[in-house]
>>> print(open('start01.csv').read())   # CSV, C-alpha atoms
chain,number,residue,atom,x,y,z
J,262,MET,CA,-67.4,96.9,-73.1
J,263,SER,CA,-66.6,97.5,-69.4
J,264,SER,CA,-64.5,95.1,-67.3
J,265,LEU,CA,-67.7,94.0,-65.6
J,266,CYS,CA,-69.3,93.0,-68.8
J,267,CYS,CA,-66.2,91.3,-70.1
J,268,ARG,CA,-65.9,89.3,-66.9
J,269,HIS,CA,-69.4,87.9,-67.5
J,270,ALA,CA,-69.8,88.1,-71.3
J,271,PHE,CA,-71.6,85.2,-72.8
J,272,ALA,CA,-70.3,82.7,-70.2
J,273,TYR,CA,-73.9,81.6,-69.4
J,274,ASP,CA,-74.6,78.1,-70.6
J,275,GLY,CA,-78.3,77.8,-69.8
J,276,GLY,CA,-79.3,76.0,-73.0
J,277,VAL,CA,-81.6,78.8,-74.2
J,278,SER,CA,-83.6,77.4,-77.0
J,279,SER,CA,-83.9,79.0,-80.4
J,280,LEU,CA,-87.7,79.2,-79.9
J,281,VAL,CA,-87.3,81.1,-76.6
J,282,LEU,CA,-84.9,83.5,-78.2
J,283,GLN,CA,-87.1,84.0,-81.2
J,284,ILE,CA,-90.3,84.8,-79.3
J,285,ALA,CA,-88.4,87.0,-76.8
J,286,ALA,CA,-86.8,88.9,-79.6
J,287,GLU,CA,-90.2,89.4,-81.3
J,288,VAL,CA,-91.7,90.8,-78.1
J,289,ILE,CA,-88.7,93.1,-77.4
J,290,ALA,CA,-88.7,94.4,-81.0
J,291,LYS,CA,-92.3,95.4,-80.8
J,292,SER,CA,-92.1,96.9,-77.3
J,293,SER,CA,-92.5,100.6,-77.0
J,294,ARG,CA,-94.0,103.3,-74.8
J,295,ASP,CA,-97.4,102.6,-76.3
J,296,ASN,CA,-96.9,98.8,-76.4
J,297,PRO,CA,-95.5,97.8,-73.0
J,298,ALA,CA,-93.4,94.6,-72.9
J,299,ASP,CA,-95.7,92.9,-70.4
J,300,SER,CA,-98.8,93.2,-72.5
J,301,GLY,CA,-96.9,92.3,-75.6
J,302,LEU,CA,-95.6,89.2,-73.9
J,303,ARG,CA,-99.1,88.1,-72.8
J,304,GLU,CA,-100.3,88.5,-76.4
J,305,ALA,CA,-97.4,86.6,-77.9
J,306,LEU,CA,-97.8,83.7,-75.5
J,307,LYS,CA,-101.6,83.6,-76.0
J,308,SER,CA,-101.3,83.6,-79.7
J,309,ARG,CA,-98.9,80.6,-79.8
J,310,ARG,CA,-99.8,77.2,-78.6
J,311,LEU,CA,-96.4,75.6,-79.0
J,312,PRO,CA,-94.5,76.8,-75.9
J,313,THR,CA,-94.7,74.6,-72.8
J,314,PRO,CA,-95.3,76.2,-69.4
J,315,GLU,CA,-91.6,76.0,-68.8
J,316,GLN,CA,-90.8,77.6,-72.1
J,317,GLN,CA,-93.3,80.4,-71.3
J,318,ARG,CA,-91.5,81.1,-68.1
J,319,GLU,CA,-88.2,81.1,-69.9
J,320,ILE,CA,-89.5,83.5,-72.5
J,321,SER,CA,-90.9,85.8,-69.8
J,322,ARG,CA,-87.6,85.8,-67.9
J,323,ALA,CA,-85.7,86.5,-71.1
J,324,VAL,CA,-87.8,89.5,-72.0
J,325,PHE,CA,-87.7,91.0,-68.5
J,326,ASN,CA,-84.0,90.3,-68.0
J,327,TYR,CA,-83.3,92.1,-71.3
J,328,PHE,CA,-84.9,95.3,-70.0
J,329,ARG,CA,-83.5,94.8,-66.4
J,330,TRP,CA,-80.0,94.6,-67.7
J,331,PHE,CA,-80.5,97.0,-70.7
J,332,GLY,CA,-77.9,99.4,-69.4
J,333,TRP,CA,-75.2,96.7,-69.6
J,334,LEU,CA,-76.0,95.7,-73.2
J,335,ASP,CA,-74.2,96.7,-76.4
J,336,ALA,CA,-76.7,97.8,-79.1
J,337,ALA,CA,-74.2,96.9,-81.8
J,338,HIS,CA,-74.7,93.2,-81.1
J,339,PRO,CA,-77.6,91.3,-82.7
J,340,LEU,CA,-80.7,91.3,-80.5
J,341,SER,CA,-80.4,87.5,-79.8
J,342,GLY,CA,-76.9,88.1,-78.5
J,343,GLN,CA,-78.1,90.9,-76.3
J,344,ILE,CA,-80.8,88.7,-74.9
J,345,LYS,CA,-78.3,85.9,-74.1
J,346,HIS,CA,-76.0,88.4,-72.5
J,347,ALA,CA,-78.9,89.7,-70.3
J,348,ILE,CA,-79.7,86.1,-69.3
J,349,GLU,CA,-76.1,85.6,-68.4
J,350,LEU,CA,-75.9,88.8,-66.4
J,351,ALA,CA,-79.1,87.8,-64.5
J,352,GLN,CA,-77.7,84.4,-63.7
J,353,ALA,CA,-74.3,85.8,-62.6
J,354,PHE,CA,-76.0,88.4,-60.4
J,355,LYS,CA,-78.1,85.6,-58.8
J,356,GLU,CA,-75.2,83.4,-58.1
J,357,ARG,CA,-72.4,86.0,-57.4
J,358,PRO,CA,-74.0,89.4,-56.6
J,359,GLU,CA,-70.7,90.5,-55.0
J,360,SER,CA,-69.0,90.4,-58.5
J,361,PHE,CA,-71.1,93.4,-59.5
J,362,SER,CA,-69.7,96.7,-58.0
J,363,ASP,CA,-72.1,99.2,-56.4
J,364,ASP,CA,-70.8,101.9,-58.6
J,365,LYS,CA,-71.5,100.1,-61.8
J,366,LEU,CA,-74.9,99.0,-60.7
J,367,VAL,CA,-76.0,102.5,-59.8
J,368,GLU,CA,-74.4,104.0,-62.9
J,369,ARG,CA,-76.3,101.7,-65.4
J,370,LEU,CA,-79.5,101.2,-63.6
J,371,VAL,CA,-81.8,103.9,-64.9
J,372,PRO,CA,-81.9,107.0,-67.2
J,373,ASP,CA,-80.1,110.1,-66.0
J,374,TRP,CA,-83.2,112.1,-65.3
J,375,VAL,CA,-84.2,109.7,-62.5
J,376,ARG,CA,-81.1,110.8,-60.5
J,377,GLU,CA,-82.5,114.3,-60.2
J,378,GLN,CA,-85.7,113.0,-58.8
J,379,MET,CA,-84.7,110.5,-56.1
J,380,GLU,CA,-81.9,108.8,-54.2
J,381,ILE,CA,-80.4,106.0,-56.1
J,382,SER,CA,-78.6,103.8,-53.5
J,383,PRO,CA,-76.7,100.6,-54.1
J,384,ALA,CA,-79.2,98.8,-51.9
J,385,TRP,CA,-82.1,99.9,-54.1
J,386,ALA,CA,-80.1,99.0,-57.2
J,387,ARG,CA,-79.5,95.5,-56.0
J,388,ALA,CA,-83.1,95.1,-54.9
J,389,ILE,CA,-84.6,96.0,-58.3
J,390,GLN,CA,-82.0,94.0,-60.3
J,391,ALA,CA,-83.0,90.8,-58.5
J,392,GLU,CA,-85.9,88.7,-59.9
J,393,PRO,CA,-89.0,89.9,-58.1
J,394,LYS,CA,-90.8,87.9,-55.4
J,395,LEU,CA,-94.4,86.8,-55.8
J,396,TRP,CA,-96.6,87.8,-52.9
J,397,LEU,CA,-100.0,86.6,-51.8
J,398,ARG,CA,-102.4,88.0,-49.3
J,399,ALA,CA,-104.0,85.2,-47.4
J,400,ARG,CA,-107.4,85.3,-45.9
J,401,ARG,CA,-107.1,87.0,-42.5
J,402,GLY,CA,-105.5,84.6,-40.0
J,403,GLN,CA,-105.2,81.7,-42.5
J,404,GLY,CA,-101.6,82.3,-43.8
J,405,ALA,CA,-100.0,79.2,-42.2
J,406,ALA,CA,-102.8,77.0,-43.5
J,407,LEU,CA,-102.5,78.4,-47.0
J,408,CYS,CA,-98.8,77.7,-47.0
J,409,GLU,CA,-99.4,74.1,-46.1
J,410,LYS,CA,-101.9,73.8,-49.0
J,411,LEU,CA,-99.8,75.5,-51.6
J,412,GLY,CA,-96.3,74.2,-50.7
J,413,ALA,CA,-93.2,76.3,-51.7
J,414,ALA,CA,-94.7,79.2,-49.7
J,415,LYS,CA,-93.6,81.0,-46.6
J,416,LEU,CA,-95.7,83.2,-44.2
J,417,GLU,CA,-93.8,86.4,-43.6
J,418,LYS,CA,-95.4,87.5,-40.3
J,419,ALA,CA,-92.4,89.6,-39.3
J,420,LEU,CA,-93.3,91.9,-42.2
J,421,LEU,CA,-97.1,91.7,-42.4
J,422,PRO,CA,-99.6,89.4,-40.7
J,423,ASP,CA,-101.1,87.8,-43.8
J,424,ALA,CA,-98.3,88.1,-46.3
J,425,VAL,CA,-97.2,84.9,-48.0
J,426,HIS,CA,-94.1,84.6,-50.3
J,427,TYR,CA,-94.8,82.0,-52.9
J,428,LYS,CA,-91.7,80.4,-54.4
J,429,GLY,CA,-93.3,77.7,-56.6
J,430,GLU,CA,-93.9,77.7,-60.4
J,431,GLU,CA,-97.6,76.6,-60.4
J,432,ASP,CA,-100.3,78.7,-62.1
J,433,LEU,CA,-102.0,80.0,-59.0
J,434,PHE,CA,-105.1,81.2,-60.9
J,435,ARG,CA,-105.9,77.5,-61.4
J,436,ARG,CA,-105.7,76.6,-57.7
J,437,PRO,CA,-109.0,75.8,-55.9
J,438,GLU,CA,-107.9,78.0,-53.0
J,439,PHE,CA,-107.8,81.0,-55.3
J,440,HIS,CA,-111.3,80.3,-56.7
J,441,ALA,CA,-112.5,79.9,-53.1
J,442,GLY,CA,-111.2,83.3,-52.2
J,443,GLU,CA,-108.6,82.0,-49.8
J,444,PHE,CA,-105.9,84.4,-51.2
J,445,GLU,CA,-105.3,87.3,-53.5
J,446,ILE,CA,-102.1,87.9,-55.5
J,447,GLN,CA,-101.0,91.2,-54.1
J,448,ASP,CA,-97.6,92.7,-53.6
J,449,ILE,CA,-96.5,93.2,-50.1
J,450,ALA,CA,-96.1,96.9,-50.4
J,451,SER,CA,-99.7,97.1,-51.6
J,452,GLN,CA,-100.7,95.0,-48.6
J,453,ALA,CA,-98.9,97.5,-46.4
J,454,VAL,CA,-101.1,100.3,-47.6
J,455,GLY,CA,-104.2,98.5,-46.2
J,456,TRP,CA,-102.6,98.0,-42.8
J,457,LEU,CA,-101.5,101.7,-42.8
J,458,CYS,CA,-105.1,102.7,-43.5
J,459,ALA,CA,-106.1,100.6,-40.4
J,460,PRO,CA,-109.9,100.7,-41.1
J,461,GLN,CA,-112.2,99.5,-38.4
J,462,PRO,CA,-115.3,97.3,-38.7
J,463,GLY,CA,-118.4,99.4,-39.1
J,464,GLU,CA,-116.6,102.5,-40.6
J,465,THR,CA,-117.4,104.1,-43.9
J,466,TRP,CA,-114.5,104.4,-46.4
J,467,TRP,CA,-113.9,105.6,-49.9
J,468,ASP,CA,-111.3,103.9,-52.1
J,469,ALA,CA,-111.2,106.8,-54.5
J,470,CYS,CA,-108.9,105.3,-57.2
J,471,ALA,CA,-109.9,101.7,-56.7
J,472,GLY,CA,-108.9,100.3,-60.1
J,473,GLU,CA,-109.8,96.6,-60.1
J,474,GLY,CA,-110.1,96.5,-56.4
J,475,GLY,CA,-107.0,95.0,-54.8
J,476,LYS,CA,-107.0,97.5,-52.0
J,477,THR,CA,-110.8,97.6,-51.7
J,478,LEU,CA,-110.8,93.9,-51.0
J,479,HIS,CA,-108.1,94.3,-48.4
J,480,LEU,CA,-109.9,97.2,-46.7
J,481,SER,CA,-113.0,94.9,-46.5
J,482,ALA,CA,-111.0,92.1,-45.0
J,483,LEU,CA,-109.6,94.4,-42.3
J,484,MET,CA,-113.1,95.7,-41.7
J,485,GLU,CA,-114.4,92.1,-41.3
J,486,ASN,CA,-116.8,92.8,-44.1
J,487,LYS,CA,-118.6,95.2,-41.9
J,488,GLY,CA,-119.4,98.9,-42.6
J,489,LEU,CA,-119.3,100.3,-46.1
J,490,ILE,CA,-116.7,101.0,-48.8
J,491,TRP,CA,-117.3,103.2,-51.7
J,492,ALA,CA,-115.0,102.1,-54.6
J,493,SER,CA,-114.6,104.5,-57.5
J,494,ASP,CA,-112.6,104.7,-60.7
J,495,ARG,CA,-112.8,106.6,-64.0
J,496,ALA,CA,-112.9,103.3,-66.0
J,497,GLU,CA,-116.1,101.3,-65.6
J,498,TRP,CA,-114.4,98.2,-67.0
J,499,ARG,CA,-112.1,98.2,-63.9
J,500,LEU,CA,-115.1,98.4,-61.6
J,501,LYS,CA,-116.7,95.4,-63.4
J,502,ASN,CA,-113.6,93.4,-62.7
J,503,LEU,CA,-113.7,94.6,-59.1
J,504,LYS,CA,-117.2,93.2,-58.8
J,505,ARG,CA,-116.1,89.9,-60.2
J,506,ARG,CA,-113.2,89.7,-57.8
J,507,ALA,CA,-115.3,90.8,-54.8
J,508,ALA,CA,-117.8,88.0,-55.5
J,509,ARG,CA,-115.0,85.4,-55.5
J,510,ALA,CA,-113.5,86.8,-52.3
J,511,GLN,CA,-117.0,87.0,-50.7
J,512,VAL,CA,-116.7,90.7,-50.2
J,513,PHE,CA,-120.1,92.4,-49.9
J,514,ASN,CA,-119.7,95.6,-48.0
J,515,PHE,CA,-118.9,97.9,-51.0
J,516,ARG,CA,-120.6,100.0,-53.6
J,517,ALA,CA,-118.9,100.6,-57.0
J,518,ALA,CA,-119.4,104.0,-58.5
J,519,PRO,CA,-117.7,105.8,-61.4
J,520,TRP,CA,-115.7,108.9,-60.6
J,521,ASP,CA,-113.6,111.0,-63.0
J,522,GLY,CA,-111.5,112.6,-60.3
J,523,GLY,CA,-113.5,115.9,-60.6
J,524,VAL,CA,-114.7,118.2,-57.9
J,525,LYS,CA,-118.0,116.4,-57.4
J,526,PRO,CA,-117.5,113.1,-55.5
J,527,PRO,CA,-119.7,110.0,-56.4
J,528,THR,CA,-121.7,110.4,-53.2
J,529,LYS,CA,-122.5,113.1,-50.6
J,530,THR,CA,-121.4,110.7,-47.8
J,531,LYS,CA,-118.9,111.9,-45.3
J,532,PHE,CA,-116.2,109.3,-44.6
J,533,ASP,CA,-114.3,107.9,-41.7
J,534,GLY,CA,-111.5,107.3,-44.1
J,535,ILE,CA,-110.5,108.0,-47.7
J,536,LEU,CA,-107.7,106.2,-49.6
J,537,VAL,CA,-106.3,107.9,-52.6
J,538,ASP,CA,-104.0,105.3,-54.2
J,539,ALA,CA,-103.2,107.7,-57.0
J,540,PRO,CA,-102.1,107.1,-60.6
J,541,CYS,CA,-98.3,107.6,-60.8
J,542,SER,CA,-95.2,106.9,-62.8
J,543,GLY,CA,-94.7,103.5,-61.1
J,544,VAL,CA,-91.0,103.9,-60.4
J,545,GLY,CA,-91.5,101.8,-57.3
J,546,THR,CA,-92.5,98.8,-59.6
J,547,TRP,CA,-89.4,99.0,-61.8
J,548,GLY,CA,-88.0,95.8,-60.3
J,549,ARG,CA,-91.1,94.0,-61.5
J,550,ASN,CA,-91.6,96.1,-64.7
J,551,PRO,CA,-88.1,96.9,-66.0
J,552,HIS,CA,-89.3,98.0,-69.4
J,553,ALA,CA,-91.0,101.0,-67.8
J,554,ARG,CA,-87.5,102.3,-66.7
J,555,TRP,CA,-86.7,103.1,-70.3
J,556,THR,CA,-90.1,104.5,-71.4
J,557,THR,CA,-91.1,106.7,-68.4
J,558,THR,CA,-90.1,110.4,-68.7
J,559,LEU,CA,-89.6,113.3,-66.5
J,560,GLN,CA,-92.7,114.9,-68.1
J,561,ASP,CA,-94.7,111.9,-66.9
J,562,VAL,CA,-93.6,112.5,-63.4
J,563,THR,CA,-94.3,116.2,-63.4
J,564,GLU,CA,-97.8,115.8,-65.0
J,565,LEU,CA,-98.8,112.9,-62.6
J,566,GLY,CA,-97.7,114.9,-59.6
J,567,ALA,CA,-100.1,117.6,-60.6
J,568,VAL,CA,-102.9,115.0,-61.0
J,569,GLN,CA,-102.2,113.5,-57.6
J,570,LEU,CA,-102.4,116.9,-55.9
J,571,GLN,CA,-105.7,117.7,-57.7
J,572,LEU,CA,-107.2,114.3,-56.6
J,573,LEU,CA,-106.3,115.0,-53.0
J,574,ASN,CA,-107.7,118.5,-53.1
J,575,HIS,CA,-111.0,117.1,-54.6
J,576,VAL,CA,-111.5,114.4,-51.9
J,577,ALA,CA,-110.5,116.5,-48.8
J,578,GLY,CA,-114.0,117.9,-48.3
J,579,ALA,CA,-115.5,114.5,-48.0
J,580,LEU,CA,-113.8,113.7,-44.7
J,581,GLN,CA,-115.9,113.9,-41.6
J,582,PRO,CA,-114.5,115.2,-38.3
J,583,GLY,CA,-112.1,112.7,-37.0
J,584,GLY,CA,-111.8,111.1,-40.5
J,585,LYS,CA,-108.4,110.3,-42.0
J,586,LEU,CA,-107.0,110.7,-45.5
J,587,ILE,CA,-104.4,108.2,-46.8
J,588,TYR,CA,-102.3,109.1,-49.9
J,589,SER,CA,-100.3,106.3,-51.5
J,590,VAL,CA,-98.3,105.9,-54.7
J,591,CYS,CA,-96.1,103.1,-56.0
J,592,THR,CA,-93.4,105.6,-57.0
J,593,LEU,CA,-90.4,107.1,-55.3
J,594,THR,CA,-89.8,110.4,-57.2
J,595,ARG,CA,-89.8,113.6,-55.1
J,596,ALA,CA,-92.2,115.3,-57.5
J,597,GLU,CA,-94.9,112.6,-56.9
J,598,THR,CA,-94.3,112.0,-53.2
J,599,VAL,CA,-93.0,114.5,-50.6
J,600,ALA,CA,-93.6,117.5,-52.9
J,601,VAL,CA,-97.3,116.5,-53.4
J,602,ALA,CA,-97.8,115.8,-49.7
J,603,GLU,CA,-96.2,119.1,-48.6
J,604,ASN,CA,-98.1,121.1,-51.2
J,605,PHE,CA,-101.4,119.5,-50.1
J,606,SER,CA,-100.6,120.1,-46.5
J,607,ARG,CA,-99.9,123.8,-47.1
J,608,ALA,CA,-103.2,124.1,-49.0
J,609,HIS,CA,-105.2,122.4,-46.2
J,610,PRO,CA,-104.0,123.7,-42.8
J,611,GLU,CA,-107.3,122.4,-41.4
J,612,LEU,CA,-105.9,118.9,-41.7
J,613,GLN,CA,-103.2,117.5,-39.4
J,614,TRP,CA,-100.4,115.2,-40.3
J,615,LEU,CA,-101.3,111.7,-39.0
J,616,ALA,CA,-98.9,109.3,-37.4
J,617,LEU,CA,-98.9,105.9,-39.2
J,618,PRO,CA,-99.1,102.5,-37.5
J,619,GLU,CA,-95.9,101.0,-36.3
J,620,ASN,CA,-93.9,98.1,-37.7
J,621,ILE,CA,-95.4,97.9,-41.1
J,622,CYS,CA,-92.8,96.4,-43.5
J,623,GLY,CA,-90.1,97.3,-41.0
J,624,GLY,CA,-91.2,100.9,-40.6
J,625,LEU,CA,-91.5,102.9,-37.4
J,626,SER,CA,-94.3,105.2,-36.2
J,627,THR,CA,-93.8,108.7,-37.4
J,628,ALA,CA,-95.9,111.8,-38.1
J,629,ALA,CA,-94.0,112.2,-41.4
J,630,PRO,CA,-94.8,110.4,-44.6
J,631,ARG,CA,-93.2,107.0,-45.1
J,632,THR,CA,-91.3,105.5,-47.9
J,633,ILE,CA,-91.4,101.7,-48.2
J,634,TRP,CA,-88.3,100.6,-50.1
J,635,PRO,CA,-88.0,97.3,-52.1
J,636,GLN,CA,-84.8,96.4,-50.2
J,637,ASP,CA,-86.6,96.6,-46.9
J,638,CYS,CA,-89.7,94.6,-47.7
J,639,GLY,CA,-88.9,92.5,-50.8
J,640,GLY,CA,-91.6,94.0,-52.9
J,641,ASN,CA,-92.4,97.2,-54.7
J,642,GLY,CA,-91.5,100.7,-53.6
J,643,MET,CA,-94.3,102.7,-52.0
J,644,PHE,CA,-94.9,106.1,-50.5
J,645,VAL,CA,-97.6,106.8,-48.0
J,646,ALA,CA,-98.7,110.0,-46.2
J,647,ALA,CA,-101.7,110.5,-44.0
J,648,TRP,CA,-103.8,113.4,-42.5
J,649,ARG,CA,-106.7,113.7,-40.1
J,650,ARG,CA,-109.5,116.2,-39.9
J,651,PRO,CA,-109.8,117.3,-36.2
>>> encode(input="start01.csv", output="structure tokens")
Amino acid sequence: MSSLCCRHAFAYDGGVSSLVLQIAAEVIAKSSRDNPADSGLREALKSRRLPTPEQQREISRAVFNYFRWFGWLDAAHPLSGQIKHAIELAQAFKERPESFSDDKLVERLVPDWVREQMEISPAWARAIQAEPKLWLRARRGQGAALCEKLGAAKLEKALLPDAVHYKGEEDLFRRPEFHAGEFEIQDIASQAVGWLCAPQPGETWWDACAGEGGKTLHLSALMENKGLIWASDRAEWRLKNLKRRAARAQVFNFRAAPWDGGVKPPTKTKFDGILVDAPCSGVGTWGRNPHARWTTTLQDVTELGAVQLQLLNHVAGALQPGGKLIYSVCTLTRAETVAVAENFSRAHPELQWLALPENICGGLSTAAPRTIWPQDCGGNGMFVAAWRRP
């Protein structure tokens, strides 16, 4: 065991109950590439009625801290001991982050293959080892009022106009403000994508990989519910959830249509803007989803990079003159970010690189693609590139 681990080993006296350790260990033992820890955790908590809300939070933290500090743990120890050690390390990092050296943080953070794909800086290491922040997107212009209603919340206008950092423990899905569509739970980096798209009221947009509609709803808010958004995804169940969310948020200027990512788009419409928020390895979310650090592979990155390039190629023809194409991924690997953007640009000389809006999550205007780092915005990592058809 290293000197760092010895210095903190099992000094934590947080009173972790045997029930918390038992359920956390069950979730961890069952976790795998095909059974992610977050879904296993939801199933375990749903199937048991005994844990209190506080115990549920402790179990969740125990599971995620285990994977967050996995590189520091000794597999020879019993799993319950490893979980306790991970909780102790998380507490020590929260209280005394300076006691963890940059070199050790970088060395133990992720699998070796990641180092070949991206820059691993001490700042990024410290950002993704901290407990993630919970971000809300308030209804446009209502952030301050929402903070007053929720309490334990802060409007982060210096980063984004409607971004709210929620610091409380309440189940926000039960709040009347949520059911009234006054806010969405949306990471600040995801919110940044909407602002970088900068859609205007009355325009026609295509959210080509809409999923369950988080960015579709934001585009609509920025468009003041005017104009039209086509929202597509290959999974129809996601589009059904989008429709449900849109009804709650009082979003009406959209059409949902399945699209499998093929050459034929869901409509013959030519668009003022297209957003391709493409499927990716999710490296940018590893602060929030630490289990994925140890299940994602280099093969995943390579294959997803090819999928992203194909999606961009298939949507490019749907841009009308003057239209803009936005490519975003919540990953940070070169194979899924700059390599895809550069290959697409070479294949489409008819499109011009587009400068992105200024001062989004601390960024500056540039014609080049932009990387949003967790250490700069307090959320996920995100890569965004943009082009315009002259």
>>> residues_around(input="start01.csv", residues="Arg303 of chain J", least_positions_apart="2", cutoff="12 Å", atoms="only C-alpha atoms", output="ChimeraX atom specification")
/J:284-285,288,296-301,305-309,317-318,320-321,324
>>> atom_distance(input="start01.csv", atom1="atom CA of Ser293 of chain J", atom2="atom CA of Trp555 of chain J")
9.2 Å
>>> atom_distance(input="start01.csv", atom1="atom CA of Gly566 of chain J", atom2="atom CA of Ala596 of chain J")
5.9 Å
>>> atom_distance(input="start01.csv", atom1="atom CA of Leu559 of chain J", atom2="atom CA of Arg294 of chain J")
13.7 Å
>>> residues_around(input="start01.csv", residues="Ile344 of chain J", least_positions_apart="3", cutoff="6 Å", atoms="only C-alpha atoms", output="PDB file with C-alpha atoms, in the coordinates of the input")
ATOM      1  CA  TYR J 327     -83.300  92.100 -71.300  1.00  0.00           C
ATOM      2  CA  SER J 341     -80.400  87.500 -79.800  1.00  0.00           C
ATOM      3  CA  ALA J 347     -78.900  89.700 -70.300  1.00  0.00           C
TER       4      ALA J 347
END
>>> closest_atom_pairs(input="start01.csv", of="segment 262-362 of chain J", to="segment 378-400 of chain J", cutoff="12 Å", atoms="only C-alpha atoms", output="Markdown table")
| residue | atom | partner | partner_atom | distance |
| --- | --- | --- | --- | --- |
| J:Ser321 | CA | J:Glu392 | CA | 11.5 |
| J:Arg322 | CA | J:Glu392 | CA | 8.7 |
| J:Ala323 | CA | J:Glu392 | CA | 11.4 |
| J:Phe325 | CA | J:Glu392 | CA | 9.1 |
| J:Asn326 | CA | J:Glu392 | CA | 8.5 |
| J:Tyr327 | CA | J:Gln390 | CA | 11.2 |
| J:Phe328 | CA | J:Gln390 | CA | 10.2 |
| J:Arg329 | CA | J:Gln390 | CA | 6.3 |
| J:Trp330 | CA | J:Gln390 | CA | 7.7 |
| J:Phe331 | CA | J:Gln390 | CA | 10.9 |
| J:Gly332 | CA | J:Gln390 | CA | 11.3 |
| J:Trp333 | CA | J:Gln390 | CA | 11.8 |
| J:Ala347 | CA | J:Gln390 | CA | 11.3 |
| J:Ile348 | CA | J:Glu392 | CA | 11.6 |
| J:Leu350 | CA | J:Gln390 | CA | 10.1 |
| J:Ala351 | CA | J:Ala391 | CA | 7.8 |
| J:Gln352 | CA | J:Ala391 | CA | 9.8 |
| J:Ala353 | CA | J:Ala391 | CA | 10.8 |
| J:Phe354 | CA | J:Ala391 | CA | 7.6 |
| J:Lys355 | CA | J:Ala391 | CA | 7.2 |
| J:Glu356 | CA | J:Ala391 | CA | 10.8 |
| J:Arg357 | CA | J:Ala391 | CA | 11.7 |
| J:Pro358 | CA | J:Arg387 | CA | 8.2 |
| J:Glu359 | CA | J:Arg387 | CA | 10.2 |
| J:Ser360 | CA | J:Arg387 | CA | 11.9 |
| J:Phe361 | CA | J:Arg387 | CA | 9.3 |
| J:Ser362 | CA | J:Pro383 | CA | 8.9 |
>>> residues_around(input="start01.csv", residues="Gly463 of chain J", least_positions_apart="3", cutoff="8 Å", atoms="only C-alpha atoms", output="PyMOL selection string")
chain J and resi 484+487-489
>>> decode(input="start01.csv", residues="segment 524-538 of chain J", atoms="N, CA and C atoms", output="PDB file, in the first residue's frame")
ATOM      1  N   VAL J 524     -28.901   7.075 -44.070  1.00  0.00           N
ATOM      2  CA  VAL J 524     -28.735   8.122 -45.080  1.00  0.00           C
ATOM      3  C   VAL J 524     -30.003   8.949 -45.242  1.00  0.00           C
ATOM      4  N   LYS J 525     -31.155   8.309 -45.099  1.00  0.00           N
ATOM      5  CA  LYS J 525     -32.423   9.007 -45.295  1.00  0.00           C
ATOM      6  C   LYS J 525     -32.885   9.662 -44.004  1.00  0.00           C
ATOM      7  N   PRO J 526     -32.970  11.004 -43.949  1.00  0.00           N
ATOM      8  CA  PRO J 526     -33.440  11.680 -42.738  1.00  0.00           C
ATOM      9  C   PRO J 526     -34.939  11.479 -42.545  1.00  0.00           C
ATOM     10  N   PRO J 527     -35.468  11.814 -41.370  1.00  0.00           N
ATOM     11  CA  PRO J 527     -36.895  11.595 -41.106  1.00  0.00           C
ATOM     12  C   PRO J 527     -37.825  12.540 -41.853  1.00  0.00           C
ATOM     13  N   THR J 528     -37.294  13.554 -42.497  1.00  0.00           N
ATOM     14  CA  THR J 528     -38.102  14.522 -43.232  1.00  0.00           C
ATOM     15  C   THR J 528     -37.267  15.115 -44.354  1.00  0.00           C
ATOM     16  N   LYS J 529     -37.932  15.668 -45.367  1.00  0.00           N
ATOM     17  CA  LYS J 529     -37.217  16.332 -46.461  1.00  0.00           C
ATOM     18  C   LYS J 529     -36.945  17.802 -46.162  1.00  0.00           C
ATOM     19  N   THR J 530     -37.307  18.242 -44.973  1.00  0.00           N
ATOM     20  CA  THR J 530     -37.112  19.632 -44.570  1.00  0.00           C
ATOM     21  C   THR J 530     -35.633  20.006 -44.607  1.00  0.00           C
ATOM     22  N   LYS J 531     -35.347  21.240 -45.015  1.00  0.00           N
ATOM     23  CA  LYS J 531     -34.006  21.798 -44.894  1.00  0.00           C
ATOM     24  C   LYS J 531     -33.980  22.697 -43.654  1.00  0.00           C
ATOM     25  N   PHE J 532     -32.903  22.604 -42.890  1.00  0.00           N
ATOM     26  CA  PHE J 532     -32.908  23.174 -41.550  1.00  0.00           C
ATOM     27  C   PHE J 532     -32.009  24.403 -41.413  1.00  0.00           C
ATOM     28  N   ASP J 533     -32.466  25.307 -40.535  1.00  0.00           N
ATOM     29  CA  ASP J 533     -31.613  26.430 -40.113  1.00  0.00           C
ATOM     30  C   ASP J 533     -30.509  25.949 -39.187  1.00  0.00           C
ATOM     31  N   GLY J 534     -30.785  24.880 -38.467  1.00  0.00           N
ATOM     32  CA  GLY J 534     -29.785  24.343 -37.552  1.00  0.00           C
ATOM     33  C   GLY J 534     -30.008  22.869 -37.301  1.00  0.00           C
ATOM     34  N   ILE J 535     -28.901  22.137 -37.159  1.00  0.00           N
ATOM     35  CA  ILE J 535     -28.941  20.711 -36.834  1.00  0.00           C
ATOM     36  C   ILE J 535     -28.000  20.478 -35.664  1.00  0.00           C
ATOM     37  N   LEU J 536     -28.513  19.822 -34.643  1.00  0.00           N
ATOM     38  CA  LEU J 536     -27.691  19.414 -33.512  1.00  0.00           C
ATOM     39  C   LEU J 536     -27.502  17.902 -33.563  1.00  0.00           C
ATOM     40  N   VAL J 537     -26.241  17.472 -33.602  1.00  0.00           N
ATOM     41  CA  VAL J 537     -25.917  16.052 -33.499  1.00  0.00           C
ATOM     42  C   VAL J 537     -25.206  15.854 -32.166  1.00  0.00           C
ATOM     43  N   ASP J 538     -25.988  15.553 -31.154  1.00  0.00           N
ATOM     44  CA  ASP J 538     -25.441  15.223 -29.836  1.00  0.00           C
ATOM     45  C   ASP J 538     -25.229  13.717 -29.835  1.00  0.00           C
TER      46      ASP J 538
END
